[in-house]
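Peer 1: Please find one structure pasted underneath; my questions will follow.
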Amino acid sequence: MKHPTLSSVQQQFSKALTSNQDLRPETFGVLDQPPVPSSDRVRVYQQAFQIRMLGSLAEDFPICQQTLGKDQFKHLCQDYLEAFPSRSWTLSELGAELVTFIEPTKEGSSWAKRYPFLSALAHYEWAHILAELSESHEGVSELSWLAGLTPEQVQNLQLKLDPSVIFLRSPWRVDPLEEQEQATPSETFYVIYQKSGEAHHQVVTEFQLRLLELMRQGAKVETLLGAIEPSGESTEENKRLIENSFSTWVSEGIISSISKGVTK
Amino acid sequence: MLTQFKDLGVGVGLRPAHYEHFLSRKPDSVSWVEVISENFMGWEKRAPGRALQTLEKIRKNVPVVLHGVSLNIGSTDPLNPAYLSRLSELAHRIEPAWISDHLCWTGVSGQNLHDLLPLPYTPEVLSLVRNKLLSAQEILGRRLLIENPSSYLQFEHSEMTEWDFLAELSKTADCGILLDINNVYVSSVNHGFDPLEYLKAIPKERVGQIHLAGHTNKGHYLIDTHDAPICEEVWKLYTWAVDHFGSVSSMVERDDNIPEWSELEMELKRISQIRVEREEKNETPDSFIRSAAI
């Protein structure tokens with residue numbers, strides 16, 4: 001009998017691992033080696049594949065798994081992997097398309113219908129993964145030199161965000177799900193960042209988010225102070241908000257460097 | 001360019017749980033570490049981030065070997081140029097003592113199955129693997145070490161043993177061998193062959209590194225889980241291998257159920273002890289591969 005080609009072996013083997021259909025090891029030439037049946041031998045690989053893929057997604061989306069329950073989450077992962085099989089050399093990228101998959105207009109829209117907050121939650125969790133994987137700087141440790149600056153020099157300061165910082169405008173407030181509370185359909189602004197090698201988040205106001213976005217664009221303090229006026233809130237309140245926010249953002253490493261800009 | 005697979009001594013597969021022991025200085029119990037290449041290569045469209053930052057700090061304190069799991073050398077798919085480009089960049093940054101991967105396939109038709117899958121051992125497959133390996137070595141500008149996999153099935157149409165296939169591959173592709181003693185043992189139980197027959201067939205001058213690890217006994221077969229201490233049978237084979245191959249760079253791989261560093265050090269010290277006993281018995285280590293540039 002003519003033996004199967006390597007291409008055929010690998011296609012059939014791949015199908016056996018990724019599908020839940022009955023195993024047919026004879027179709028790709030698996031040797032019968034009693035006492036362990038050929039199907040059991042293939043099943044070792046099949047189970048390892050399932051455990052590895054589901055385990056990786058569960059590790060990246062723990063709140064999705066906790067909220068949906070293990071069985072539903074497993075079904076979600078199976079649907080997702082069928083639509084988006086891994087094409088990356090690393091498992092760390094496996095969940096990269098889950099948000100896209102769950103979007104109401106995409107393949108996984110039935111999931112979005114059943115769980116309207118799920119896309120927002122997956123986005124929130126994936127942003128944490130990206131922040132954690134990102135490069136990150138040490139942060140600002142010495143601020144005493146700021147006291148000696150002239151008002152003009154202060155206006156020229158540039159506050160730089162850590163490269164790990166991610167802004168997320170979410171249509172749902174999903175962070176309460178971490179404490180097994182309800183997600184609520186209200187626009188929420190998250191700042192997600194890395195601190196001491198782990199991802200953290202802060203919920204901020206739209207005004208604070210605008211300041212952070214300006215910092216990312218390289219704006220000087222002068223520009224940031226100019227942004228206070230059109231906010232609709234009173235200037236004094238905003239000044240206090242800015243002072244408190246800056247202090248927190250520096251201590252959390254969201255602002256990772258302060259430099260003297262070029263003076264006019 | 002010349003590369004050498006020399007005896008680096010005793011090493012460990014470095015995992016994040018033990019990074020802290022390497023960030024400020026090198027522990028006395030090891031002289032080198034092996035890391036999984038793909039964990040530091042970034043993605044195709046995303047630069048490597050914090051992981052590489054950390055590895056560069058560790059590299060200042062200890063020599064590093066890169067061990068890959070996605071070269072996919074046995075697949076009918078062509079080599080992935082983006083993968084090789086990222087691996088090459090990583091090698092440039094880290095300057096590893098060498099780079100290794102596995103005798104297996106990990107995916108087909110562009111899909112990565114993220115497992116070390118078995119090959120039928122035929123002349124056609126040998127030709128395919130040899131040609132891909134030669135290309136990969138040329139692109140990376142260095143010889144690679146290829147590791148024997150553990151396996152749970154064999155193919156009816158295999159025409160040679162794994163050890164003959166690996167020996168022939170190492171000669172015709174002029175590559176080194178990363179000999180995983182635990183994998184030899186696991187496969188010997190799963191397929192019913194004599195592990196010493198396997199080890200004796202491996203060309204001594206090609207062995208550049210040895211892996212030791214634990215496995216799980218499922219009754220009729222063993223699974224290469226890397227989640228348990230090294231078993232006595234594997235220690236015996238290792239002792240035999242050190243006698244046979246000389247003092248080759250040897251390390252412990254642990255990927256799950258990772259113990260405290262102090263517990264892992266017990267196994268590292270046992271490797272040292274076996275190597276010292278062998279060196280006292282013989283005079284000069286004889287496993288030293290010199291290779292010419294490709």
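Chain identifiers are assigned as A, B, and so on, following the order in which chains appear in the structure tokens; residues are numbered from 1 within each chain, and ligands are numbered from 1 in order of appearance.
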Which residues of chain B are close to chain A, meaning at most 6 Å apart when you count only C-alpha atoms, and how do they look as a list in words?
Peer 2: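 Those within range of chain A come out as Glu38, Gly49, Arg50, Ser70, Thr76, Gly110, Gln111, Asn112, Tyr152, Leu153, Gln154, Phe155 and Glu156 of chain B.
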Peer 1: Determine which residues of region 167-206 of chain B receive a DSSP assignment of strand (DSSP E or B), computed from the backbone, and state them as a list of chain:residue names.
Peer 2: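 Checking each residue of region 167-206 of chain B, the strand (DSSP E or B) ones are B:Gly176, B:Ile177, B:Leu178, B:Leu179, B:Asp180.
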Peer 1: Taking 5 positions as the minimum chain separation for residues in the same chain, which residues sit within 8 Å of region 112-118 of chain A when counting only C-alpha atoms? Answer as an MDAnalysis selection string.
Peer 2: chainID A and resid 64 102:104 172 174 183 185
Peer 1: Could you name the residues that touch Tyr198 (chain B) at 12 Å or less, counting only C-alpha atoms, but leaving out those on the same chain fewer than 5 positions away, as a ChimeraX atom specification?
Peer 2: /B:148,161-167,179-181,183-185,187-188,192-193,203,237,241
Peer 1: Identify all residues of region 15-245 of chain A in helix (DSSP H, G or I) (DSSP on the backbone) and supply them as an MDAnalysis selection string.
Peer 2: chainID A and resid 15:18 25:28 38:60 62:68 70:83 91:102 109:114 118:133 144:148 151:155 175:179 206:216 221:226 229:231 235:245
Peer 1: Would you mind listing what lies within 10 Å of Met215 (chain A) as a ChimeraX atom specification, with only C-alpha atoms counted and same-chain residues fewer than 2 positions away left out?
Peer 2: /A:158-161,209-213,217-221,223-224,255
